[in-house]
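J.: Dropping in final.cif, which is mmCIF, C-alpha atoms:
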```cif
data_data
#
loop_
_atom_site.group_PDB
_atom_site.id
_atom_site.type_symbol
_atom_site.label_atom_id
_atom_site.label_comp_id
_atom_site.auth_asym_id
_atom_site.auth_seq_id
_atom_site.Cartn_x
_atom_site.Cartn_y
_atom_site.Cartn_z
ATOM 1 C CA MET A 2 59.179 -38.811 72.303
ATOM 2 C CA PRO A 3 58.339 -35.290 70.990
ATOM 3 C CA ALA A 4 61.287 -33.035 70.242
ATOM 4 C CA VAL A 5 61.820 -30.453 72.962
ATOM 5 C CA PRO A 6 61.522 -26.922 71.517
ATOM 6 C CA THR A 7 64.761 -24.963 71.822
ATOM 7 C CA PRO A 8 64.147 -21.746 73.784
ATOM 8 C CA ILE A 9 65.009 -18.487 72.062
ATOM 9 C CA LEU A 10 67.306 -16.091 73.909
ATOM 10 C CA LYS A 11 66.734 -12.411 73.139
ATOM 11 C CA SER A 12 67.979 -9.049 74.385
ATOM 12 C CA TYR A 13 65.851 -5.915 74.248
ATOM 13 C CA GLU A 14 66.619 -2.214 74.220
ATOM 14 C CA VAL A 15 64.330 -0.401 76.639
ATOM 15 C CA THR A 16 65.216 3.278 76.380
ATOM 16 C CA SER A 17 62.234 4.799 78.161
ATOM 17 C CA VAL A 18 59.456 3.960 80.588
ATOM 18 C CA ASP A 19 56.061 5.535 81.152
ATOM 19 C CA ARG A 20 56.524 8.033 83.987
ATOM 20 C CA LYS A 21 52.839 7.715 84.873
ATOM 21 C CA GLU A 22 53.373 3.999 85.426
ATOM 22 C CA VAL A 23 56.334 4.689 87.711
ATOM 23 C CA LEU A 24 54.159 7.067 89.725
ATOM 24 C CA ARG A 25 51.404 4.450 89.845
ATOM 25 C CA TYR A 26 53.802 1.929 91.387
ATOM 26 C CA LEU A 27 54.706 4.628 93.917
ATOM 27 C CA GLY A 28 51.041 4.892 94.917
ATOM 28 C CA TYR A 29 50.544 8.320 93.334
ATOM 29 C CA ARG A 30 46.941 9.523 93.555
ATOM 30 C CA GLY A 31 47.216 13.139 92.439
ATOM 31 C CA GLN A 32 49.361 14.358 95.338
ATOM 32 C CA GLU A 33 51.651 17.318 94.776
ATOM 33 C CA VAL A 34 55.099 16.335 93.545
ATOM 34 C CA THR A 35 57.739 18.804 94.689
ATOM 35 C CA PRO A 36 60.432 19.949 92.258
ATOM 36 C CA GLU A 37 63.031 18.144 94.380
ATOM 37 C CA LEU A 38 61.108 14.846 94.285
ATOM 38 C CA ASP A 39 60.417 15.332 90.584
ATOM 39 C CA ALA A 40 64.137 15.656 89.892
ATOM 40 C CA ARG A 41 64.980 12.634 92.038
ATOM 41 C CA LEU A 42 62.407 10.560 90.204
ATOM 42 C CA ASP A 43 63.916 11.533 86.865
ATOM 43 C CA ASP A 44 67.358 10.547 88.197
ATOM 44 C CA ALA A 45 66.054 7.174 89.416
ATOM 45 C CA ILE A 46 64.482 6.426 86.030
ATOM 46 C CA ALA A 47 67.638 7.432 84.154
ATOM 47 C CA ARG A 48 69.805 5.357 86.482
ATOM 48 C CA CYS A 49 67.577 2.310 86.062
ATOM 49 C CA LEU A 50 67.570 2.593 82.270
ATOM 50 C CA SER A 51 71.372 2.828 82.262
ATOM 51 C CA ILE A 52 71.875 -0.222 84.504
ATOM 52 C CA GLY A 53 69.079 -2.531 83.358
ATOM 53 C CA LYS A 54 69.922 -5.207 80.793
ATOM 54 C CA PRO A 55 66.592 -6.680 79.581
ATOM 55 C CA ARG A 56 66.864 -10.249 78.325
ATOM 56 C CA SER A 57 64.393 -13.033 77.812
ATOM 57 C CA SER A 58 64.194 -16.740 77.155
ATOM 58 C CA LEU A 59 61.033 -17.896 75.415
ATOM 59 C CA ALA A 60 59.529 -20.849 73.600
ATOM 60 C CA THR A 61 56.249 -22.146 72.219
ATOM 61 C CA PHE A 62 54.725 -25.551 72.953
ATOM 62 C CA ASP A 63 51.823 -27.322 71.278
ATOM 63 C CA ILE A 64 48.983 -28.352 73.545
ATOM 64 C CA ALA A 65 48.963 -32.127 73.971
ATOM 65 C CA GLY A 66 45.647 -32.341 75.778
ATOM 66 C CA ARG A 67 43.479 -31.276 78.678
ATOM 67 C CA GLU A 68 42.562 -33.361 81.681
ATOM 68 C CA GLU A 69 41.244 -33.206 85.204
ATOM 69 C CA LEU A 70 43.339 -34.518 88.078
ATOM 70 C CA PRO A 71 41.819 -36.864 90.697
ATOM 71 C CA ASP A 72 41.269 -33.919 93.047
ATOM 72 C CA GLY A 73 39.313 -32.082 90.336
ATOM 73 C CA THR A 74 42.077 -29.640 89.361
ATOM 74 C CA PRO A 75 42.024 -28.846 85.611
ATOM 75 C CA GLN A 76 45.324 -29.278 83.787
ATOM 76 C CA VAL A 77 46.599 -28.294 80.340
ATOM 77 C CA ASP A 78 49.375 -30.588 79.087
ATOM 78 C CA LEU A 79 52.109 -29.276 76.793
ATOM 79 C CA LYS A 80 54.063 -31.354 74.282
ATOM 80 C CA GLY A 81 57.785 -31.843 74.711
ATOM 81 C CA THR A 82 58.084 -30.445 78.237
ATOM 82 C CA ALA A 83 57.440 -31.316 81.873
ATOM 83 C CA LEU A 84 55.614 -27.982 82.193
ATOM 84 C CA VAL A 85 51.873 -28.339 82.804
ATOM 85 C CA LEU A 86 49.399 -25.535 83.437
ATOM 86 C CA GLN A 87 47.077 -26.232 86.341
ATOM 87 C CA GLY A 88 44.019 -24.481 87.717
ATOM 88 C CA LYS A 89 40.672 -23.102 86.641
ATOM 89 C CA SER A 90 42.381 -19.878 85.552
ATOM 90 C CA MET A 91 44.509 -21.793 83.069
ATOM 91 C CA ARG A 92 41.540 -23.810 81.823
ATOM 92 C CA ARG A 93 39.751 -20.535 81.002
ATOM 93 C CA HIS A 94 42.837 -18.762 79.668
ATOM 94 C CA MET A 95 43.782 -21.636 77.361
ATOM 95 C CA ASP A 96 40.253 -22.569 76.288
ATOM 96 C CA GLY A 97 40.499 -23.233 72.548
ATOM 97 C CA ALA A 98 44.251 -22.625 72.386
ATOM 98 C CA VAL A 99 46.336 -24.863 70.135
ATOM 99 C CA ARG A 100 49.724 -23.662 71.366
ATOM 100 C CA VAL A 101 51.197 -21.890 74.389
ATOM 101 C CA GLY A 102 53.892 -19.224 74.431
ATOM 102 C CA VAL A 103 56.114 -19.239 77.530
ATOM 103 C CA LEU A 104 58.482 -16.450 78.578
ATOM 104 C CA ALA A 105 60.922 -15.507 81.295
ATOM 105 C CA VAL A 106 62.429 -12.029 81.354
ATOM 106 C CA THR A 107 64.780 -10.155 83.665
ATOM 107 C CA ILE A 108 66.564 -6.803 83.723
ATOM 108 C CA GLY A 109 69.570 -8.284 85.465
ATOM 109 C CA MET A 110 71.647 -8.424 88.626
ATOM 110 C CA GLY A 111 72.982 -4.895 88.137
ATOM 111 C CA VAL A 112 69.551 -3.571 89.081
ATOM 112 C CA GLU A 113 69.420 -6.003 92.005
ATOM 113 C CA ARG A 114 72.760 -4.787 93.341
ATOM 114 C CA GLU A 115 71.682 -1.153 93.039
ATOM 115 C CA LEU A 116 68.490 -1.878 94.981
ATOM 116 C CA LYS A 117 70.577 -3.497 97.708
ATOM 117 C CA ARG A 118 72.992 -0.558 97.823
ATOM 118 C CA LEU A 119 70.180 1.977 98.059
ATOM 119 C CA SER A 120 68.474 -0.025 100.818
ATOM 120 C CA LEU A 121 71.566 0.594 102.937
ATOM 121 C CA THR A 122 72.247 4.207 101.983
ATOM 122 C CA ASP A 123 69.140 5.984 100.665
ATOM 123 C CA HIS A 124 65.667 4.726 101.532
ATOM 124 C CA LEU A 125 63.821 7.248 99.358
ATOM 125 C CA GLY A 126 66.176 6.550 96.495
ATOM 126 C CA GLN A 127 65.476 2.826 96.879
ATOM 127 C CA VAL A 128 61.705 3.373 96.714
ATOM 128 C CA LEU A 129 61.993 5.536 93.587
ATOM 129 C CA PHE A 130 64.459 3.187 91.908
ATOM 130 C CA ASP A 131 62.320 0.154 92.762
ATOM 131 C CA ALA A 132 59.272 1.710 91.078
ATOM 132 C CA ALA A 133 61.333 2.573 88.000
ATOM 133 C CA ALA A 134 62.740 -0.973 87.875
ATOM 134 C CA THR A 135 59.292 -2.542 88.182
ATOM 135 C CA THR A 136 58.083 -0.418 85.278
ATOM 136 C CA MET A 137 61.163 -1.331 83.249
ATOM 137 C CA VAL A 138 60.800 -5.082 83.720
ATOM 138 C CA GLU A 139 57.142 -4.847 82.678
ATOM 139 C CA ARG A 140 58.274 -3.046 79.515
ATOM 140 C CA ALA A 141 60.773 -5.839 78.945
ATOM 141 C CA ALA A 142 57.942 -8.345 79.395
ATOM 142 C CA ASP A 143 55.954 -6.365 76.797
ATOM 143 C CA ALA A 144 58.910 -6.793 74.442
ATOM 144 C CA ALA A 145 59.080 -10.537 75.053
ATOM 145 C CA GLU A 146 55.320 -10.801 74.579
ATOM 146 C CA ALA A 147 55.643 -8.920 71.283
ATOM 147 C CA THR A 148 58.147 -11.557 70.149
ATOM 148 C CA LEU A 149 55.664 -14.341 70.923
ATOM 149 C CA VAL A 150 52.802 -12.437 69.243
ATOM 150 C CA GLY A 151 54.945 -12.139 66.116
ATOM 151 C CA MET A 152 55.825 -15.826 66.182
ATOM 152 C CA ALA A 153 52.147 -16.719 66.479
ATOM 153 C CA ALA A 154 51.126 -14.361 63.671
ATOM 154 C CA GLN A 155 53.689 -15.860 61.314
ATOM 155 C CA ASP A 156 51.879 -19.186 61.777
ATOM 156 C CA GLY A 157 48.468 -17.582 61.291
ATOM 157 C CA LEU A 158 47.627 -17.682 65.007
ATOM 158 C CA TYR A 159 46.253 -15.085 67.405
ATOM 159 C CA THR A 160 47.169 -14.577 71.048
ATOM 160 C CA ASN A 161 45.572 -13.526 74.283
ATOM 161 C CA PHE A 162 47.436 -11.692 77.074
ATOM 162 C CA ARG A 163 50.258 -12.954 79.287
ATOM 163 C CA PHE A 164 49.361 -14.654 82.565
ATOM 164 C CA SER A 165 51.902 -15.237 85.343
ATOM 165 C CA PRO A 166 52.230 -17.898 88.066
ATOM 166 C CA GLY A 167 50.501 -16.650 91.202
ATOM 167 C CA TYR A 168 47.681 -14.936 89.281
ATOM 168 C CA GLY A 169 44.251 -16.443 89.787
ATOM 169 C CA ASP A 170 44.713 -20.010 90.950
ATOM 170 C CA MET A 171 47.777 -20.717 88.783
ATOM 171 C CA PRO A 172 50.110 -22.159 91.448
ATOM 172 C CA MET A 173 53.519 -20.702 92.251
ATOM 173 C CA THR A 174 54.834 -24.272 92.028
ATOM 174 C CA THR A 175 54.657 -23.755 88.249
ATOM 175 C CA GLN A 176 57.644 -21.440 88.567
ATOM 176 C CA PRO A 177 60.587 -23.894 88.786
ATOM 177 C CA VAL A 178 59.279 -26.126 85.983
ATOM 178 C CA LEU A 179 58.623 -23.083 83.774
ATOM 179 C CA LEU A 180 62.157 -21.782 84.346
ATOM 180 C CA ASP A 181 63.604 -25.212 83.568
ATOM 181 C CA ALA A 182 61.542 -25.460 80.354
ATOM 182 C CA LEU A 183 63.219 -22.242 79.192
ATOM 183 C CA ASP A 184 66.658 -23.052 80.661
ATOM 184 C CA ALA A 185 66.237 -19.636 82.298
ATOM 185 C CA ARG A 186 68.312 -20.393 85.384
ATOM 186 C CA ARG A 187 71.411 -20.941 83.263
ATOM 187 C CA ARG A 188 70.612 -18.518 80.441
ATOM 188 C CA LEU A 189 69.260 -15.603 82.459
ATOM 189 C CA GLY A 190 70.720 -16.298 85.904
ATOM 190 C CA ILE A 191 67.282 -16.443 87.536
ATOM 191 C CA THR A 192 67.223 -18.345 90.818
ATOM 192 C CA LEU A 193 64.376 -19.223 93.185
ATOM 193 C CA SER A 194 64.107 -18.859 96.944
ATOM 194 C CA PRO A 195 62.522 -21.634 99.051
ATOM 195 C CA THR A 196 59.269 -19.654 98.772
ATOM 196 C CA LEU A 197 59.621 -19.607 94.943
ATOM 197 C CA LEU A 198 60.407 -15.875 94.676
ATOM 198 C CA MET A 199 62.785 -14.984 91.869
ATOM 199 C CA THR A 200 66.205 -13.359 92.013
ATOM 200 C CA PRO A 201 66.821 -10.970 90.320
ATOM 201 C CA THR A 202 63.576 -9.726 91.846
ATOM 202 C CA LYS A 203 62.885 -7.650 88.745
ATOM 203 C CA SER A 204 62.047 -10.712 86.676
ATOM 204 C CA VAL A 205 58.784 -11.880 85.112
ATOM 205 C CA THR A 206 57.549 -15.273 83.955
ATOM 206 C CA ALA A 207 54.317 -15.767 82.040
ATOM 207 C CA VAL A 208 52.358 -17.833 79.535
ATOM 208 C CA LEU A 209 49.938 -16.825 76.792
ATOM 209 C CA GLY A 210 47.612 -18.809 74.577
ATOM 210 C CA MET A 211 47.799 -19.052 70.793
ATOM 211 C CA PHE A 212 44.564 -19.608 68.870
ATOM 212 C CA THR A 213 43.298 -20.101 65.331
ATOM 213 C CA THR A 214 40.744 -17.273 65.777
ATOM 214 C CA PRO A 215 41.010 -13.738 67.234
ATOM 215 C CA GLN A 216 40.387 -13.457 70.977
ATOM 216 C CA LYS A 217 38.461 -10.846 72.944
ATOM 217 C CA SER A 218 41.781 -9.610 74.304
ATOM 218 C CA THR A 219 43.311 -9.271 70.809
ATOM 219 C CA HIS A 220 43.890 -5.548 70.327
ATOM 220 C CA ALA A 221 41.590 -4.045 67.716
ATOM 221 C CA SER A 222 44.329 -1.596 66.703
ATOM 222 C CA CYS A 223 48.009 -0.956 67.330
ATOM 223 C CA ALA A 224 47.280 2.331 69.123
ATOM 224 C CA ASP A 225 46.292 0.774 72.447
ATOM 225 C CA CYS A 226 48.702 -2.181 72.391
ATOM 226 C CA PHE A 227 51.332 -2.377 75.135
ATOM 227 C CA CYS A 228 53.626 -4.297 72.766
ATOM 228 C CA ARG A 229 53.550 -1.767 69.915
ATOM 229 C CA ALA A 230 56.944 -0.214 70.721
ATOM 230 C CA PHE A 231 58.623 -3.610 70.250
ATOM 231 C CA CYS A 232 56.519 -5.092 67.453
ATOM 232 C CA ASN A 233 58.149 -5.601 64.048
ATOM 233 C CA LEU A 234 55.316 -7.641 62.569
ATOM 234 C CA ARG A 235 54.050 -4.887 60.288
ATOM 235 C CA ALA A 236 57.581 -4.105 59.092
ATOM 236 C CA THR A 237 58.436 -7.725 58.293
ATOM 237 C CA THR A 238 55.080 -9.016 57.002
ATOM 238 C CA GLY A 239 53.072 -5.952 56.021
ATOM 239 C CA ARG A 240 50.245 -6.940 58.378
ATOM 240 C CA THR A 241 49.294 -6.690 62.048
ATOM 241 C CA CYS A 242 48.322 -9.360 64.536
ATOM 242 C CA HIS A 243 44.686 -8.225 64.437
ATOM 243 C CA ASP A 244 44.333 -8.267 60.631
#
```
Render the structure in this file as structure tokens.

T.:
Amino acid sequence: MPAVPTPILKSYEVTSVDRKEVLRYLGYRGQEVTPELDARLDDAIARCLSIGKPRSSLATFDIAGREELPDGTPQVDLKGTALVLQGKSMRRHMDGAVRVGVLAVTIGMGVERELKRLSLTDHLGQVLFDAAATTMVERAADAAEATLVGMAAQDGLYTNFRFSPGYGDMPMTTQPVLLDALDARRRLGITLSPTLLMTPTKSVTAVLGMFTTPQKSTHASCADCFCRAFCNLRATTGRTCHD
């Protein structure tokens, strides 16, 4: 029986978010932003950054094989875990991969409680805070992805981008098995509703492939990489993931 990889628990310091991304989540399309709204948005971002506690649980699994189920659904099997990756999207995303990085990340129940409070007291404040929190958890996911990219690079592997349950035809039923593979319910306090939605709602799960050769999605430089703010690969190894 293969040894089950022990998930790594990490905390991240997210001290800023891209204001343009917050506006994008608000549906901003060049409309005028009044000074009052501008100030409230700044307050929502600052409040979110002060409350959010980004943490992740992550692990890597070797690919044991690929098969097709009796109904024709492609499946990628991972060693040492009950987690399997089903669907045509996963067959394409993991084509040629030798290993899979798996992550779960959340910014915590403090943010969840604040969203609940605002929903009862300040609807506009809730909308602004929600957009800031969504941007923050994506930054936390960037940080977790950077950890997996670094782990791959140390083994001479290259990665593609993260892909979450519910994207493409990757089923949402992947969610509970993925969380169990990372012990994320106990470690991060993530729970699932009967419809497989996560609480805290500002949580992200995802997988990415690890390959022996660079991928089309491998960033050609650090300048346009979402993970650059959290990457310590150059500092620790003197190289980058695209070298």

J.: In Å, rounded to a single decimal, give me how far atom CA of A:Gly73 is from atom CA of A:Val101.

T.: 22.3 Å

J.: Would you mind telling me which residue in A:Arg186, A:Ile64, A:Gly169, A:Gly126 lies nearest to A:Arg41 when using all atoms listed in the file?

T.: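 Under the stated criterion, the closest residue is A:Gly126.
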
J.: Which of these residues is nearest to A:Val205, using only C-alpha atoms: A:Met91, A:Ile9, A:Val18, A:Ala185?

T.: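 Among the listed residues, A:Ala185 lies closest to A:Val205.
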
J.: Give me the residues near A:Ser90 as an mmCIF file with C-alpha atoms, in the frame of the given file, where near means some atom within 12 Å (using all atoms listed in the file) and where sequence neighbours in that chain fewer than 6 positions away do not count.

T.:
```cif
data_model
loop_
_atom_site.group_PDB
_atom_site.id
_atom_site.type_symbol
_atom_site.label_atom_id
_atom_site.label_comp_id
_atom_site.auth_asym_id
_atom_site.auth_seq_id
_atom_site.Cartn_x
_atom_site.Cartn_y
_atom_site.Cartn_z
ATOM 1 C CA THR A 74 42.077 -29.640 89.361
ATOM 2 C CA PRO A 75 42.024 -28.846 85.611
ATOM 3 C CA GLN A 76 45.324 -29.278 83.787
ATOM 4 C CA VAL A 77 46.599 -28.294 80.340
ATOM 5 C CA ASP A 96 40.253 -22.569 76.288
ATOM 6 C CA PHE A 164 49.361 -14.654 82.565
ATOM 7 C CA SER A 165 51.902 -15.237 85.343
ATOM 8 C CA PRO A 166 52.230 -17.898 88.066
ATOM 9 C CA GLY A 167 50.501 -16.650 91.202
ATOM 10 C CA TYR A 168 47.681 -14.936 89.281
ATOM 11 C CA GLY A 169 44.251 -16.443 89.787
ATOM 12 C CA ASP A 170 44.713 -20.010 90.950
ATOM 13 C CA MET A 171 47.777 -20.717 88.783
ATOM 14 C CA PRO A 172 50.110 -22.159 91.448
ATOM 15 C CA VAL A 208 52.358 -17.833 79.535
ATOM 16 C CA LEU A 209 49.938 -16.825 76.792
#
```

J.: Quick one: everything within 7 Å of stretch 49-62 of chain A, counting all atoms listed in the file, minus sequence neighbours fewer than 3 positions away in the same chain. Send it as a VMD selection string.

T.: chain A and resid 6 to 14 16 45 to 46 79 to 80 100 to 109 111 to 112 130 133 to 134 141 145 183 185

J.: Next, the residues of the selection above should be written as a short mmCIF file (atom, residue, chain, number, x, y, z; two decimals), in the frame of the given file with C-alpha atoms.

T.:
```
data_model
loop_
_atom_site.label_atom_id
_atom_site.label_comp_id
_atom_site.auth_asym_id
_atom_site.auth_seq_id
_atom_site.Cartn_x
_atom_site.Cartn_y
_atom_site.Cartn_z
CA PRO A 6 61.52 -26.92 71.52
CA THR A 7 64.76 -24.96 71.82
CA PRO A 8 64.15 -21.75 73.78
CA ILE A 9 65.01 -18.49 72.06
CA LEU A 10 67.31 -16.09 73.91
CA LYS A 11 66.73 -12.41 73.14
CA SER A 12 67.98 -9.05 74.39
CA TYR A 13 65.85 -5.92 74.25
CA GLU A 14 66.62 -2.21 74.22
CA THR A 16 65.22 3.28 76.38
CA ALA A 45 66.05 7.17 89.42
CA ILE A 46 64.48 6.43 86.03
CA LEU A 79 52.11 -29.28 76.79
CA LYS A 80 54.06 -31.35 74.28
CA ARG A 100 49.72 -23.66 71.37
CA VAL A 101 51.20 -21.89 74.39
CA GLY A 102 53.89 -19.22 74.43
CA VAL A 103 56.11 -19.24 77.53
CA LEU A 104 58.48 -16.45 78.58
CA ALA A 105 60.92 -15.51 81.30
CA VAL A 106 62.43 -12.03 81.35
CA THR A 107 64.78 -10.15 83.66
CA ILE A 108 66.56 -6.80 83.72
CA GLY A 109 69.57 -8.28 85.46
CA GLY A 111 72.98 -4.89 88.14
CA VAL A 112 69.55 -3.57 89.08
CA PHE A 130 64.46 3.19 91.91
CA ALA A 133 61.33 2.57 88.00
CA ALA A 134 62.74 -0.97 87.88
CA ALA A 141 60.77 -5.84 78.94
CA ALA A 145 59.08 -10.54 75.05
CA LEU A 183 63.22 -22.24 79.19
CA ALA A 185 66.24 -19.64 82.30
#
```
